[in-house]
Amino acid sequence: MVSPWLKTGILIALCTQNASYTLLRKLSTMTTTVNSKEILLVGEILKLVVSGGFVMVSKEPSSSKGEGVSKLLWVAIHSGKMFVLAGIYLVMNVLSFVSLQYIGAGEFTVCAQLKILTTASFSVIIMGTKLSETKWRALALLVVGCILVAIPGTGLSKEGIEGGAVMTPSFVVGYGAVLMEVVLSGFASIYFEKVVKSTTEVVTIWERNFQLSIYSILIYGGLLQFQDLPAGSAGSWSGWNMITFVVAALGALGGLLVAASLKYADSILKTLATAGAIIIATFCGHFLLGSPLTHDVVLGACVTIIAILNYTKDQEVQPLSSNQVYSTDDTQSKLGSASSQV
């Protein structure tokens, strides 16, 4: 039986990592000029080292052959299906940095929860899954919560109308980026269901982490080699500080925490961690980073948390086939990936 203290520790760690990763990414876009791909590359290298170590010592059931380095080679050779997912996560990660340049950490965290809607929608369209009325109501409530959070940036709030505010290009870019990210997140979940899980191979979370990191490192490294540096730039790998290194480390840590939550926690625990991250990111983003905190934002965050709780607690899922709908967090749990954040 899993100790309540262990579950509590995982809850606190997940909540802290989710919120701090978003907040520090926002801070890094405000205070440094480090290329986001460099940060993501370092995070993937850290994740490769850690997951590789777990692969070598893990005794979990797996189709991998050999021991030690030979086992790592087998996992790497049989990783072809993860290439597409690595590319999707690359685009998602870059979009998250772009979005956080233009919108607050709280707004980003709330709107990122639309991944539940996109995953469910792709599941219904592609997998033929039927959702209960409770889940559809929860998804509709989720959309309402995200609209409420976005209202201050549109100039349609009471304060905005009275002050003559208008929708700015930065608003369009920021929310457009996060919306593109959640669509890709939903597709990644279904791709995993249709393609990756169709194999008869038994692959552990650590092995999936290792496989994803291999392709992510190759893709990020290739993009950095061919990128054009902006005028006046000090060059590649310049401007690094403690903040950017911590952001990279938190990205790598996310995969480990997701793996721990899959093994020791349940969906309710992960939902509570998400709710806590929304609250922390919203209020800390306002008091520490100057993000907006209006009545609309607070109400939207509360509505989003209620929607997630309703969606998670409802167990009435009626699939038309043997397939099952998974949230993005569930998919990333199976992958052991932290590529998409709360």
# chains A, B, ... in the order shown; residues from 1 in each chain; ligands from 1

$ select_by_dssp --residues "stretch 41-220 of chain A" --states "alpha helix (DSSP H)" --output "PyMOL selection string"
chain A and resi 41-57+69-77+82-102+105-111+115-122+133-154+158-163+169-194+205-220

$ residues_around --residues "A:Val94" --least-positions-apart "6" --cutoff "12 Å" --atoms "only C-alpha atoms" --output "PyMOL selection string"
chain A and resi 25+29+35-41+87-88+100-101+177-178+180-181+220+223+339-341

$ write_last_selection --atoms "C-alpha atoms" --output "CSV table (one decimal), in the first residue's frame"
chain,number,residue,atom,x,y,z
A,25,ARG,CA,9.6,30.4,-18.4
A,29,THR,CA,11.3,35.6,-21.6
A,35,ASN,CA,17.2,31.0,-27.3
A,36,SER,CA,14.3,28.9,-26.1
A,37,LYS,CA,15.7,25.9,-28.2
A,38,GLU,CA,18.9,26.0,-26.2
A,39,ILE,CA,16.9,25.8,-22.9
A,40,LEU,CA,14.9,22.9,-24.3
A,41,LEU,CA,18.0,21.1,-25.6
A,87,GLY,CA,8.7,16.7,-33.5
A,88,ILE,CA,5.2,17.5,-32.1
A,100,LEU,CA,4.5,33.4,-22.6
A,101,GLN,CA,6.2,36.4,-24.2
A,177,ALA,CA,0.3,30.2,-29.8
A,178,VAL,CA,-1.3,28.5,-26.8
A,180,MET,CA,-2.1,25.9,-31.4
A,181,GLU,CA,-0.2,24.2,-28.7
A,220,TYR,CA,16.9,20.8,-31.4
A,223,LEU,CA,17.7,23.6,-35.6
A,339,SER,CA,7.0,18.2,-23.0
A,340,SER,CA,3.6,19.7,-22.6
A,341,GLN,CA,2.9,21.6,-19.4

$ atom_distance --atom1 "atom CA of A:Ser58" --atom2 "atom CA of A:Gly221"
28.6 Å

$ residues_around --residues "A:Asn18" --least-positions-apart "2" --cutoff "8 Å" --atoms "only C-alpha atoms" --output "PyMOL selection string"
chain A and resi 14-16+20-22+254+274+277+341-342

$ write_last_selection --atoms "C-alpha atoms" --output "CSV table (one decimal), in the first residue's frame"
chain,number,residue,atom,x,y,z
A,14,LEU,CA,3.8,18.1,-9.1
A,15,CYS,CA,2.0,21.2,-8.1
A,16,THR,CA,5.3,23.1,-7.5
A,20,SER,CA,7.2,27.1,-11.2
A,21,TYR,CA,8.0,25.9,-14.7
A,22,THR,CA,5.4,28.2,-16.2
A,254,GLY,CA,8.7,17.0,-15.1
A,274,THR,CA,-3.3,20.9,-11.8
A,277,ALA,CA,-0.7,25.0,-10.2
A,341,GLN,CA,2.9,21.6,-19.4
A,342,VAL,CA,-0.1,22.3,-17.4

$ closest_residue --among "A:Val124, A:Val110, A:Met82, A:Ile306" --to "A:Val149" --atoms "only C-alpha atoms"
A:Val110

$ atom_distance --atom1 "atom CA of A:Ala13" --atom2 "atom CA of A:Ser261"
9.9 Å

$ closest_residue --among "A:Ser121, A:Ser99, A:Ser63, A:Thr109" --to "A:Ala301" --atoms "only C-alpha atoms"
A:Thr109

$ residues_around --residues "A:Asn310" --least-positions-apart "3" --cutoff "8 Å" --atoms "only C-alpha atoms" --output "list in words"
Thr134, Lys135, Ala138, Ile306, Ala307, Lys313 and Asp314 of chain A

$ atom_distance --atom1 "atom CA of A:Gly276" --atom2 "atom CA of A:Tyr191"
28.9 Å

$ closest_residue --among "A:Ser123, A:Gln211, A:Gln227, A:Asn93" --to "A:Lys194" --atoms "only C-alpha atoms"
A:Ser123

$ closest_residue --among "A:Phe54, A:Phe210, A:Phe83, A:Tyr175" --to "A:Cys111" --atoms "only C-alpha atoms"
A:Tyr175

$ residues_around --residues "A:Val57" --least-positions-apart "2" --cutoff "12 Å" --atoms "only C-alpha atoms" --output "NGL selection string"
:A and (50-55 or 59-60 or 66-69 or 71-72 or 206-207)
